[in-house]
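Here's the structure we're looking at; comments come further down.
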Amino acid sequence: MTGATLGGYFGASSNPWGVLARGRPTRSFLAVSKWVDDGVPFPGSAFRQWVRDFYQQNKLVAGELKLRGHRVDMSEIRCPVLNLAGRKDYICPVSQARATMDLVGSEDKEFLVPDAGHVGLMCSPAAREELWPRVRDWLEPRSN
């Protein structure tokens, strides 16, 4: 665990060891710490292409993105879709995540927005108590 990870999780003015010693949940902290410290190297040229295609030119939404020579058309997605967004997510705002619902062709689609941020969407108390049970309930009838 790095000092940067601890400071980012607990805030610059707090004492993370004191928080842990008082018995506050550590599972979420450890999950976030592993996620932050476990980055996969991403080649610079691939990153530049990703930014250009997905952010600057918006090729996926415009229907201009090609993968392995085939145009990607989100309206051709017909399988059930569960779209998740965190109400406090500033990396992928709810409005952006919601917009994809109109692009996907599936008739069986649902959009869930728990009260969480980008990382908290996966490992916060709100995720554990609200999101994951709802994901389970959504997946169960669609599973064989």
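By convention here, the chains of the structure tokens are called A, B, ... in the order presented, each chain's residues are numbered starting at 1, and ligands are numbered starting at 1 in the order presented.
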
Close residues, Lys109 of chain A itself excluded, 7 Å, only C-alpha atoms, min 4 positions apart in chain, as a PDB file with C-alpha atoms, in the first residue's frame:
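Okay, this is what ended up in result-v6.pdb:
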```pdb
ATOM      1  CA  PRO A  80     -30.369  -8.094 -22.103  1.00  0.00           C
ATOM      2  CA  VAL A  81     -28.462  -5.020 -20.897  1.00  0.00           C
ATOM      3  CA  LEU A  82     -27.984  -3.819 -17.330  1.00  0.00           C
TER       4      LEU A  82
END
```

Sel. of strand (DSSP E or B) residues, segment 5-138 of chain A, as a PyMOL selection string = chain A and resi 66-67+70-71+81-84+109-112

So that I have them on file, write out the residues from the current selection with C-alpha atoms, as an mmCIF file, in the first residue's frame.
```
data_model
loop_
_atom_site.group_PDB
_atom_site.id
_atom_site.type_symbol
_atom_site.label_atom_id
_atom_site.label_comp_id
_atom_site.auth_asym_id
_atom_site.auth_seq_id
_atom_site.Cartn_x
_atom_site.Cartn_y
_atom_site.Cartn_z
ATOM 1 C CA LYS A 66 -14.503 -0.075 -36.652
ATOM 2 C CA LEU A 67 -13.019 -3.051 -34.827
ATOM 3 C CA HIS A 70 -16.300 -4.285 -38.838
ATOM 4 C CA ARG A 71 -18.386 -1.230 -37.979
ATOM 5 C CA VAL A 81 -28.462 -5.020 -20.897
ATOM 6 C CA LEU A 82 -27.984 -3.819 -17.330
ATOM 7 C CA ASN A 83 -26.393 -0.374 -17.314
ATOM 8 C CA LEU A 84 -24.916 0.913 -14.029
ATOM 9 C CA LYS A 109 -32.631 -3.147 -20.658
ATOM 10 C CA GLU A 110 -32.494 -1.489 -17.278
ATOM 11 C CA PHE A 111 -30.586 1.478 -15.877
ATOM 12 C CA LEU A 112 -29.566 1.459 -12.191
#
```

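Distances here use only C-alpha atoms; by that measure, the residue among A:Ala85, A:Ile91, A:Val61, A:Leu131 closest to Val113 of chain A is A:Ala85.
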
request  = Mind checking which residues fall within 12 Å of Glu64 of chain A, counting only C-alpha atoms, ignoring those fewer than 4 positions away in the same chain, and posting them as an MDAnalysis selection string?
outcome  = chainID A and resid 53:54 57:60 69:74

request  = Pick out each residue of segment 52-115 of chain A that DSSP on the backbone tags as helix (DSSP H, G or I); I need them as a ChimeraX atom specification.
outcome  = /A:52-56,59-62,74-76,94-103

query = atom CA of Ala126 of chain A and atom CA of Pro114 of chain A are how many Å apart?
reply =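 These atoms are spaced 7.0 Å apart.
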